[in-house]
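Student: Data file entry-v1.txt (compact mmCIF, C-alpha atoms and all ligand atoms) is appended below.
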```
# COMPACT_ATOMS: atom_id res chain seq x y z
CA MET Q 1 112.59 52.09 107.59
CA LEU Q 2 109.70 53.00 105.37
CA THR Q 3 110.94 53.99 101.93
CA ILE Q 4 108.71 56.38 100.08
CA GLU Q 5 108.25 55.81 96.37
CA LYS Q 6 109.85 57.93 93.67
CA TYR Q 7 106.75 59.98 92.90
CA SER Q 8 104.47 61.04 95.70
CA PHE Q 9 101.69 63.58 95.73
CA GLY Q 10 100.54 65.44 98.80
CA VAL Q 11 96.82 65.94 98.99
CA GLY Q 12 95.13 68.08 101.57
CA ASP Q 13 91.52 67.78 102.46
CA ARG Q 14 90.33 70.41 104.90
CA PHE Q 15 86.99 68.75 105.67
CA ALA Q 16 87.97 65.07 105.24
CA HIS Q 17 85.40 64.41 102.50
CA GLN Q 18 87.49 64.17 99.32
CA ALA Q 19 90.00 61.42 100.02
CA LYS Q 20 88.32 59.09 97.53
CA SER Q 21 88.11 61.66 94.75
CA GLN Q 22 91.74 62.64 95.41
CA LEU Q 23 92.90 59.05 95.31
CA ALA Q 24 91.01 58.63 92.03
CA GLY Q 25 93.65 60.91 90.46
CA CYS Q 26 96.41 58.47 91.51
CA VAL Q 27 94.31 55.57 90.20
CA GLN Q 28 94.11 57.28 86.80
CA ALA Q 29 97.88 57.80 86.77
CA LEU Q 30 98.43 54.13 87.56
CA GLU Q 31 96.16 53.22 84.67
CA LYS Q 32 98.59 55.19 82.52
CA GLY Q 33 101.45 53.16 83.95
CA VAL Q 34 102.79 55.86 86.29
CA GLU Q 35 102.87 55.16 90.02
CA VAL Q 36 102.18 58.28 92.04
CA VAL Q 37 101.45 57.50 95.68
CA PRO Q 38 99.15 59.72 97.74
CA VAL Q 39 100.21 61.39 100.97
CA TRP Q 40 97.36 62.98 102.91
CA ASN Q 41 98.74 66.06 104.62
CA LYS Q 42 97.20 68.34 107.21
CA SER Q 43 99.02 70.74 109.48
CA HIS Q 44 98.37 71.56 113.11
CA ARG Q 45 97.25 75.01 111.93
CA GLU Q 46 94.60 73.51 109.63
CA HIS Q 47 93.38 71.13 112.32
CA THR Q 48 93.06 74.06 114.72
CA THR Q 49 91.18 76.20 112.20
CA ILE Q 50 88.78 73.41 111.25
CA GLY Q 51 88.48 71.89 114.72
CA SER Q 52 89.54 68.45 113.47
CA GLU Q 53 91.81 65.77 114.91
CA PRO Q 54 94.76 64.01 113.22
CA SER Q 55 92.93 60.68 113.55
CA SER Q 56 90.30 61.91 111.04
CA VAL Q 57 92.93 62.16 108.28
CA ARG Q 58 94.04 58.56 108.84
CA GLN Q 59 90.45 57.33 108.89
CA ALA Q 60 89.49 59.15 105.70
CA ALA Q 61 92.67 58.01 103.91
CA ASP Q 62 92.31 54.37 104.90
CA ALA Q 63 88.63 54.37 103.99
CA ALA Q 64 89.37 55.79 100.52
CA VAL Q 65 92.12 53.23 99.94
CA ALA Q 66 89.79 50.39 100.91
CA SER Q 67 86.93 51.74 98.86
CA LEU Q 68 88.95 52.09 95.64
CA GLY Q 69 90.98 48.94 96.22
CA TRP Q 70 94.27 50.88 96.04
CA THR Q 71 97.05 48.33 96.56
CA LYS Q 72 100.04 50.69 96.33
CA SER Q 73 101.31 52.65 99.32
CA HIS Q 74 99.63 55.60 100.92
CA TYR Q 75 100.81 57.86 103.72
CA VAL Q 76 99.48 60.32 106.27
CA ASP Q 77 101.68 63.38 106.75
CA ALA Q 78 101.93 65.29 110.02
CA ASP Q 79 102.52 68.50 108.11
CA HIS Q 80 104.76 71.24 109.51
CA ILE Q 81 105.04 69.80 112.99
CA ASN Q 82 107.38 70.88 115.76
CA MET Q 83 108.08 69.75 119.33
CA GLY Q 84 105.09 71.74 120.52
CA ASN Q 85 102.43 70.00 118.46
CA VAL Q 86 103.73 66.64 117.22
CA GLU Q 87 102.13 64.64 120.04
CA GLY Q 88 98.63 64.38 118.59
CA PHE Q 89 99.99 63.16 115.24
CA LEU Q 90 102.22 60.35 116.47
CA ALA Q 91 99.67 57.56 116.46
CA HIS Q 92 98.17 58.44 113.08
CA SER Q 93 101.01 59.55 110.82
CA ASP Q 94 103.74 57.68 109.01
CA PHE Q 95 105.18 60.74 107.30
CA PHE Q 96 106.43 63.66 109.39
CA THR Q 97 107.23 67.08 107.96
CA ILE Q 98 109.63 68.48 110.52
CA ASP Q 99 109.36 72.25 110.30
CA VAL Q 100 112.49 74.02 111.45
CA ALA Q 101 111.86 77.46 110.00
CA ASP Q 102 111.80 78.96 113.50
CA GLY Q 103 115.38 77.86 114.11
CA ILE Q 104 116.71 79.51 110.94
CA GLY Q 105 118.83 82.47 111.94
CA ALA Q 106 118.96 81.49 115.61
CA SER Q 107 122.50 81.38 117.02
CA PRO Q 108 123.77 77.82 117.38
CA GLU Q 109 125.21 76.94 120.75
CA GLY Q 110 128.87 76.85 121.68
CA SER Q 111 131.38 75.77 119.08
CA ALA Q 112 128.80 74.19 116.72
CA VAL Q 113 129.80 76.40 113.79
CA SER Q 114 133.55 75.95 114.12
CA ASP Q 115 133.09 72.22 114.73
CA PHE Q 116 131.06 71.99 111.55
CA LEU Q 117 133.74 73.83 109.59
CA SER Q 118 136.54 71.61 110.86
CA LYS Q 119 134.51 68.55 110.01
CA HIS Q 120 133.76 69.77 106.48
CA PRO Q 121 136.82 71.26 104.81
CA GLU Q 122 135.41 69.92 101.52
CA LEU Q 123 132.70 72.61 101.64
CA VAL Q 124 135.23 75.42 101.27
CA GLY Q 125 136.76 76.23 97.93
CA ASN Q 126 135.94 74.87 94.52
CA ILE Q 127 133.12 72.29 94.60
CA ALA Q 128 132.45 70.52 91.32
CA ILE Q 129 129.07 68.82 91.27
CA PRO Q 130 128.09 66.53 88.40
CA GLY Q 131 125.20 68.12 86.53
CA ILE Q 132 126.10 71.70 87.45
CA ALA Q 133 128.11 73.48 84.77
CA GLU Q 134 129.95 75.98 86.98
CA PRO Q 135 131.57 74.64 90.18
CA PHE Q 136 130.49 76.38 93.37
CA GLU Q 137 133.15 78.77 94.70
CA THR Q 138 132.83 79.10 98.44
CA THR Q 139 134.95 80.81 101.06
CA GLU Q 140 135.35 79.94 104.71
CA ALA Q 141 133.48 83.11 105.58
CA TYR Q 142 130.56 82.05 103.40
CA VAL Q 143 130.31 78.54 104.87
CA THR Q 144 130.58 80.03 108.36
CA GLU Q 145 127.74 82.42 107.60
CA VAL Q 146 125.48 79.69 106.18
CA ALA Q 147 126.29 77.30 109.02
CA ALA Q 148 125.56 80.02 111.56
CA LYS Q 149 122.21 80.67 109.90
CA TYR Q 150 121.05 77.04 109.61
CA LEU Q 151 122.81 74.91 112.24
CA GLN Q 152 120.32 75.59 115.01
CA ALA Q 153 117.46 74.65 112.68
CA VAL Q 154 119.29 71.42 111.85
CA LYS Q 155 119.81 70.67 115.57
CA ASP Q 156 116.09 71.31 116.14
CA ALA Q 157 115.27 68.88 113.33
CA GLY Q 158 117.47 66.27 115.00
CA GLN Q 159 115.72 66.73 118.32
CA ILE Q 160 112.26 66.37 116.77
CA TYR Q 161 113.34 63.42 114.63
CA ARG Q 162 114.73 61.53 117.63
CA HIS Q 163 111.60 62.32 119.61
CA ILE Q 164 109.39 60.85 116.86
CA LEU Q 165 111.71 57.86 116.52
CA GLU Q 166 111.44 57.13 120.21
CA LYS Q 167 107.68 57.58 120.36
CA LYS Q 168 107.05 55.53 117.23
CA ASN Q 169 108.92 52.78 119.01
CA GLY Q 170 109.95 50.76 115.98
CA THR Q 171 107.03 51.68 113.71
CA PRO Q 172 108.68 53.02 110.55
CA PHE Q 173 107.98 56.46 109.12
CA VAL Q 174 109.19 58.85 106.44
CA PRO Q 175 110.99 61.97 107.72
CA GLU Q 176 110.86 65.23 105.76
CA VAL Q 177 112.61 68.43 106.77
CA SER Q 178 110.95 71.66 105.65
CA MET Q 179 112.51 75.10 105.48
CA ASP Q 180 110.02 76.71 103.15
CA GLU Q 181 108.20 78.97 105.60
CA THR Q 182 110.98 81.49 105.88
CA ASP Q 183 111.86 84.82 104.31
CA LEU Q 184 114.57 84.01 101.77
CA PRO Q 185 114.99 81.07 99.38
CA GLN Q 186 117.86 78.67 99.96
CA THR Q 187 120.34 78.67 97.12
CA PRO Q 188 121.84 75.39 95.83
CA PRO Q 189 125.18 75.94 97.68
CA GLU Q 190 123.22 76.58 100.88
CA LEU Q 191 121.24 73.40 100.29
CA LEU Q 192 124.50 71.44 100.05
CA ILE Q 193 125.71 72.83 103.38
CA ILE Q 194 122.32 72.14 105.00
CA LEU Q 195 122.30 68.55 103.73
CA ALA Q 196 125.81 67.96 105.09
CA ALA Q 197 124.62 69.24 108.47
CA LEU Q 198 121.42 67.13 108.40
CA ALA Q 199 123.53 64.06 107.62
CA ASP Q 200 125.82 64.90 110.57
CA GLU Q 201 122.73 65.12 112.73
CA GLY Q 202 121.85 61.56 111.75
CA ILE Q 203 118.46 62.32 110.20
CA PRO Q 204 117.66 59.82 107.42
CA LEU Q 205 115.52 62.37 105.62
CA GLN Q 206 113.79 61.19 102.46
CA THR Q 207 112.35 64.49 101.35
CA ILE Q 208 113.53 68.05 101.83
CA ALA Q 209 111.45 71.14 101.26
CA PRO Q 210 113.58 74.20 100.61
CA LYS Q 211 112.11 77.57 99.85
CA PHE Q 212 112.46 78.10 96.12
CA THR Q 213 112.98 81.34 94.30
CA GLY Q 214 109.80 83.20 93.27
CA ARG Q 215 106.39 83.49 94.87
CA PHE Q 216 104.25 80.45 95.64
CA ASN Q 217 100.97 82.22 96.24
CA LYS Q 218 98.09 80.14 97.47
CA GLY Q 219 95.88 78.66 94.80
CA VAL Q 220 97.30 80.52 91.81
CA ASP Q 221 100.16 80.16 89.38
CA TYR Q 222 103.84 80.66 90.16
CA VAL Q 223 104.98 84.29 90.14
CA GLY Q 224 108.62 84.72 89.26
CA ASP Q 225 111.32 84.04 86.72
CA VAL Q 226 110.55 80.55 85.40
CA ALA Q 227 113.97 80.20 83.75
CA GLN Q 228 115.68 81.00 87.04
CA PHE Q 229 113.43 78.57 88.86
CA GLU Q 230 114.31 75.86 86.36
CA LYS Q 231 118.03 76.44 86.81
CA GLU Q 232 117.76 76.35 90.61
CA PHE Q 233 115.53 73.30 90.55
CA ASN Q 234 118.02 71.44 88.34
CA ASP Q 235 120.93 72.55 90.52
CA ASP Q 236 119.05 71.42 93.64
CA LEU Q 237 118.54 67.97 92.08
CA ALA Q 238 122.27 67.77 91.32
CA VAL Q 239 123.15 68.87 94.86
CA ILE Q 240 120.86 66.22 96.35
CA ALA Q 241 122.32 63.44 94.18
CA PHE Q 242 125.81 64.59 95.16
CA ALA Q 243 124.97 64.82 98.89
CA ILE Q 244 123.47 61.32 98.90
CA GLY Q 245 126.80 59.89 97.73
CA LYS Q 246 129.00 62.19 99.75
CA TYR Q 247 127.21 62.16 103.09
CA GLY Q 248 125.41 58.83 103.06
CA LEU Q 249 121.88 60.24 103.04
CA PRO Q 250 119.06 57.89 101.96
CA ALA Q 251 119.36 56.99 98.28
CA ASN Q 252 115.74 57.99 97.63
CA LEU Q 253 116.12 61.50 99.11
CA LYS Q 254 114.12 63.88 96.92
CA LEU Q 255 112.80 67.41 96.74
CA SER Q 256 109.46 68.30 98.24
CA VAL Q 257 107.66 71.25 96.69
CA HIS Q 258 105.33 72.92 99.17
CA SER Q 259 102.40 75.11 98.15
CA GLY Q 260 102.83 73.10 94.99
CA SER Q 261 99.27 73.18 93.73
CA ASP Q 262 98.32 75.39 90.82
CA LYS Q 263 101.92 76.33 89.90
CA PHE Q 264 101.21 75.44 86.29
CA SER Q 265 104.04 77.39 84.70
CA ILE Q 266 106.76 75.46 86.54
CA TYR Q 267 105.35 71.97 85.96
CA ALA Q 268 106.88 71.56 82.51
CA PRO Q 269 110.38 72.52 83.77
CA ILE Q 270 109.95 70.16 86.73
CA HIS Q 271 108.77 67.34 84.47
CA ARG Q 272 111.73 67.85 82.12
CA ALA Q 273 114.14 67.76 85.06
CA LEU Q 274 112.64 64.56 86.47
CA LYS Q 275 112.75 62.85 83.06
CA ARG Q 276 116.31 63.96 82.40
CA THR Q 277 117.74 62.97 85.79
CA GLY Q 278 115.48 60.13 86.90
CA ALA Q 279 114.98 61.99 90.19
CA GLY Q 280 111.89 61.57 92.32
CA LEU Q 281 109.56 64.27 93.57
CA HIS Q 282 107.10 64.98 96.33
CA LEU Q 283 104.69 67.82 95.64
CA LYS Q 284 102.23 69.07 98.22
CA THR Q 285 98.82 70.41 97.47
CA ALA Q 286 96.08 71.27 99.93
CA GLY Q 287 93.79 74.25 99.45
CA THR Q 288 93.28 73.53 95.76
CA THR Q 289 90.89 70.74 96.81
CA TRP Q 290 88.92 73.05 99.09
CA LEU Q 291 88.53 75.41 96.12
CA GLU Q 292 87.21 72.53 94.02
CA GLU Q 293 84.60 71.99 96.72
CA ILE Q 294 83.43 75.58 96.26
CA ILE Q 295 83.52 75.17 92.48
CA GLY Q 296 81.55 71.92 92.72
CA LEU Q 297 79.00 73.56 95.01
CA ALA Q 298 78.63 76.48 92.60
CA GLU Q 299 78.36 74.13 89.64
CA SER Q 300 75.63 72.14 91.41
CA ASP Q 301 73.44 75.26 91.29
CA GLY Q 302 70.50 75.52 93.73
CA ASP Q 303 71.48 75.43 97.42
CA GLY Q 304 75.10 74.68 96.56
CA LEU Q 305 75.39 77.86 94.51
CA VAL Q 306 73.74 79.89 97.29
CA LEU Q 307 76.22 78.47 99.78
CA ALA Q 308 79.21 79.28 97.57
CA LYS Q 309 77.93 82.86 97.26
CA ASP Q 310 77.38 83.07 101.03
CA ILE Q 311 80.97 82.01 101.62
CA TYR Q 312 82.19 84.66 99.21
CA ALA Q 313 80.00 87.33 100.86
CA GLU Q 314 81.40 86.43 104.26
CA ALA Q 315 84.95 86.40 102.88
CA ILE Q 316 84.71 89.83 101.29
CA GLY Q 317 83.35 91.18 104.56
CA ASN Q 318 86.46 89.90 106.38
CA VAL Q 319 89.29 90.33 103.91
CA GLU Q 320 91.68 91.80 106.47
CA ALA Q 321 91.28 89.09 109.08
CA LEU Q 322 91.31 86.22 106.59
CA CYS Q 323 94.37 87.46 104.73
CA ALA Q 324 96.54 88.53 107.67
CA PRO Q 325 98.00 85.08 108.47
CA TYR Q 326 98.74 84.51 104.77
CA ALA Q 327 100.19 87.91 103.88
CA ALA Q 328 103.44 86.39 102.59
CA VAL Q 329 101.69 83.92 100.29
CA ILE Q 330 98.84 85.84 98.68
CA ASP Q 331 98.64 88.88 96.42
CA ILE Q 332 95.09 90.18 96.31
CA ASP Q 333 94.14 93.41 94.56
CA ARG Q 334 91.06 94.56 96.51
CA GLY Q 335 89.95 96.60 93.52
CA ARG Q 336 89.52 93.41 91.53
CA LEU Q 337 87.17 91.75 94.00
CA PRO Q 338 83.54 91.98 92.90
CA SER Q 339 81.05 92.99 95.58
CA ALA Q 340 78.95 90.39 97.37
CA ASP Q 341 75.87 91.92 95.72
CA ASP Q 342 77.33 91.56 92.25
CA VAL Q 343 78.18 87.93 92.88
CA ARG Q 344 74.64 87.29 94.22
CA GLY Q 345 73.37 88.05 90.75
CA TRP Q 346 75.75 85.65 88.99
CA SER Q 347 74.76 82.38 87.37
CA SER Q 348 76.38 79.11 88.31
CA ALA Q 349 78.50 79.25 85.15
CA GLN Q 350 79.70 82.78 85.94
CA LEU Q 351 80.87 81.93 89.45
CA VAL Q 352 82.52 78.71 88.30
CA ALA Q 353 84.39 80.52 85.51
CA ALA Q 354 85.62 83.19 87.91
CA ILE Q 355 87.21 80.76 90.36
CA ARG Q 356 88.11 77.63 88.39
CA HIS Q 357 91.83 77.76 87.76
CA VAL Q 358 91.99 78.20 84.00
CA PRO Q 359 94.40 81.14 83.77
CA ASP Q 360 93.63 82.02 80.15
CA CYS Q 361 89.86 82.01 80.65
CA PRO Q 362 88.85 85.71 80.36
CA GLU Q 363 86.41 85.40 83.30
CA PHE Q 364 89.03 83.88 85.62
CA ASN Q 365 89.64 86.11 88.67
CA GLU Q 366 92.78 85.22 90.60
CA HIS Q 367 91.92 87.72 93.33
CA MET Q 368 88.60 86.05 94.13
CA ARG Q 369 90.29 82.68 94.00
CA GLN Q 370 93.00 83.65 96.48
CA LEU Q 371 90.47 85.21 98.84
CA LEU Q 372 88.36 82.06 98.81
CA HIS Q 373 91.50 79.97 99.28
CA VAL Q 374 92.13 81.58 102.66
CA GLY Q 375 88.42 81.56 103.55
CA TYR Q 376 88.00 77.93 104.60
CA LYS Q 377 87.49 79.07 108.16
CA ILE Q 378 84.09 80.39 107.06
CA ALA Q 379 82.99 76.96 105.88
CA ALA Q 380 84.31 75.44 109.10
CA LYS Q 381 82.11 77.83 111.09
CA MET Q 382 79.07 76.91 109.01
CA GLY Q 383 79.41 73.38 110.35
CA ASP Q 384 76.56 71.07 109.35
CA ARG Q 385 75.21 73.36 106.66
CA TYR Q 386 78.51 73.14 104.80
CA ILE Q 387 79.10 69.44 105.41
CA GLY Q 388 75.50 68.62 104.48
CA LEU Q 389 75.85 70.30 101.10
CA LEU Q 390 79.30 68.75 100.54
CA GLU Q 391 77.54 65.43 100.83
CA GLY Q 392 74.49 66.55 98.85
CA CYS Q 393 76.63 67.79 95.96
CA GLU Q 394 79.19 65.00 96.24
CA GLU Q 395 79.07 63.81 92.66
CA THR Q 396 79.75 67.21 91.09
CA ILE Q 397 82.39 68.07 93.67
CA ALA Q 398 84.19 64.73 93.28
CA LYS Q 399 84.34 65.15 89.51
CA ASN Q 400 85.98 68.58 89.93
CA VAL Q 401 88.42 67.39 92.61
CA THR Q 402 89.68 64.47 90.54
CA LEU Q 403 89.89 66.41 87.30
CA ASN Q 404 91.82 69.21 88.98
CA LEU Q 405 94.38 66.92 90.58
CA TYR Q 406 94.80 64.59 87.64
CA ASP Q 407 94.52 66.82 84.55
CA ARG Q 408 96.06 70.00 85.95
CA HIS Q 409 98.66 68.54 88.33
CA ILE Q 410 99.53 64.85 87.99
CA VAL Q 411 99.59 64.76 84.17
CA PRO Q 412 101.90 67.74 83.58
CA LEU Q 413 104.16 66.86 86.53
CA PHE Q 414 104.52 63.11 86.40
CA ILE Q 415 103.19 61.87 83.08
CA GLY Q 416 103.86 64.70 80.62
CA GLU Q 417 101.49 66.16 78.09
ZN ZN A 501 105.28 74.15 103.66
```
Rewrite the structure from the file as structure tokens, please.
Ligand SMILES: [Zn+2]

Tutor:
Amino acid sequence: MLTIEKYSFGVGDRFAHQAKSQLAGCVQALEKGVEVVPVWNKSHREHTTIGSEPSSVRQAADAAVASLGWTKSHYVDADHINMGNVEGFLAHSDFFTIDVADGIGASPEGSAVSDFLSKHPELVGNIAIPGIAEPFETTEAYVTEVAAKYLQAVKDAGQIYRHILEKKNGTPFVPEVSMDETDLPQTPPELLIILAALADEGIPLQTIAPKFTGRFNKGVDYVGDVAQFEKEFNDDLAVIAFAIGKYGLPANLKLSVHSGSDKFSIYAPIHRALKRTGAGLHLKTAGTTWLEEIIGLAESDGDGLVLAKDIYAEAIGNVEALCAPYAAVIDIDRGRLPSADDVRGWSSAQLVAAIRHVPDCPEFNEHMRQLLHVGYKIAAKMGDRYIGLLEGCEETIAKNVTLNLYDRHIVPLFIGE
């Protein structure tokens, strides 16, 4: 059993060049006395888009750890895997995000639902959970409905977990179960029922990624009712603590917040909740680092600035195709996207101000930022030209990557301002 630390921070690096500058954010936190361990995550989808292999994530992570002399843990996350694509990750990952969104809503086989209900009479009726003011009131019909919706997904998770366990052949790993890529958020009572089912399935999950209320658009701030988010987040923490005791789940089980980068307005509520309860947290970021690469290129001026403008020009010429796979997680107003020609005429400072995530900066343009977020395919196609300039502008890019992760994410989440 590998036991992940209380605070962990998912970092994604599309082109495997920023591991060191990402780790530098964790080093700074440690200097402040707060241990936040890095987890390098990359999904099958990202690997396919970039044309990279899971081994490259492990190599880049290990090299960064060696180079900075990081002596705390680090992990490599096979992000959003399923039975169809886990194979290539097995040798290189020690953290597996088991994605069961496809099984949500599928009809569970045979008597699975009624068996679950007979096994869990405690889930029907009045459920008082320490830390939640109002007890949950559930009916048999409600628990039946939730079980019917999630049990197949839980069974799928069990199948994938046991497959990984067998293939890892004694090498320990951290299992996460993710349900975030689905249509509706899971409420705290649903989370309790899901955790009971996951425990029945024998999955020693250490992190769980529900879908939270509100919109988690790529690369920009949270959109939704922050007060409602805070209540649900606190209730979820209470449910997890309760389920650990009740169902014998791992004592370090914690929430995992996906698409967690750039959600500045919910970081203070999350930080308050962690301080108040002593709970742990895993928060995943990915594309925010790719955007810092563009910002660093633009800030480097010269060829870097030209490249950043070329990527934008290509992106605005392909808005439809780039946005289609991300329709549920972006909100772009086409009317707010400047033309490629306009952007050609911009200075380095103008382009940087438009895309750097400083929401109250008057020049900040969240529409451009979201478009570029989903445009990493363009850089992948550029191949050596892009990688060459990443290396040529390394110093400026690294400074932006570290500052973004540390100042805008790690400090408000884990250290407090
Ligand atoms: Zn996710």

Student: Which residues are close to stretch 3-11 of chain Q, i.e. within 7 Å by only C-alpha atoms, leaving aside same-chain residues fewer than 3 positions away? Reply as a list in words.

Tutor: Glu35, Val36, Val37, Pro38, Val39, Trp40, Asn41, Val174, Gly280, Leu281, His282, Leu283, Lys284, Thr285 and Ala286 of chain Q

Student: Rounded to one decimal, what separation in Å do you get between atom CA of Q:Ser259 and atom CA of Q:Arg385?

Tutor: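 For atom CA of Q:Ser259 relative to atom CA of Q:Arg385, the distance reads 28.5 Å.
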
Student: List every residue of chain Q that has an atom at most 10 Å from any atom of ligand ZN 501 (chain A), giving for each one its closest atom pair and the distance in Å to one decimal, counting all atoms listed in the file, sorted by chain and then by ascending residue number, as a tab-separated table.

Tutor:
```
residue	atom	partner	partner_atom	distance
Q:Ser43	CA	A:ZN501	ZN	9.2
Q:Asp79	CA	A:ZN501	ZN	7.7
Q:His80	CA	A:ZN501	ZN	6.6
Q:Thr97	CA	A:ZN501	ZN	8.5
Q:Ile98	CA	A:ZN501	ZN	9.9
Q:Asp99	CA	A:ZN501	ZN	8.0
Q:Ala101	CA	A:ZN501	ZN	9.7
Q:Val177	CA	A:ZN501	ZN	9.8
Q:Ser178	CA	A:ZN501	ZN	6.5
Q:Met179	CA	A:ZN501	ZN	7.5
Q:Asp180	CA	A:ZN501	ZN	5.4
Q:Glu181	CA	A:ZN501	ZN	6.0
Q:Thr182	CA	A:ZN501	ZN	9.6
Q:Ala209	CA	A:ZN501	ZN	7.3
Q:Pro210	CA	A:ZN501	ZN	8.8
Q:Lys211	CA	A:ZN501	ZN	8.5
Q:Ser256	CA	A:ZN501	ZN	9.0
Q:Val257	CA	A:ZN501	ZN	7.9
Q:His258	CA	A:ZN501	ZN	4.7
Q:Ser259	CA	A:ZN501	ZN	6.3
Q:Gly260	CA	A:ZN501	ZN	9.1
Q:Lys284	CA	A:ZN501	ZN	8.0
Q:Thr285	CA	A:ZN501	ZN	9.7
```

Student: Which is closer to Q:Ala196 than all the others in Q:Pro175, Q:Gly214, Q:Gly248, Q:Gly25, using all atoms listed in the file?

Tutor: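 When distances to Q:Ala196 are compared using all atoms listed in the file, the smallest one comes from Q:Gly248.
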
Student: Restricting the calculation to all atoms listed in the file, which member of Q:Ala148, Q:Ile270, Q:Ile129, Q:Ile316 is positioned closest to Q:Gly245?

Tutor: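 Among the listed residues, the smallest separation from Q:Gly245 belongs to Q:Ile129.
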
Student: Can you work out the spacing between atom CA of Q:Lys399 and atom CA of Q:Leu305 in Å, to one decimal?

Tutor: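 These atoms are spaced 16.3 Å apart.
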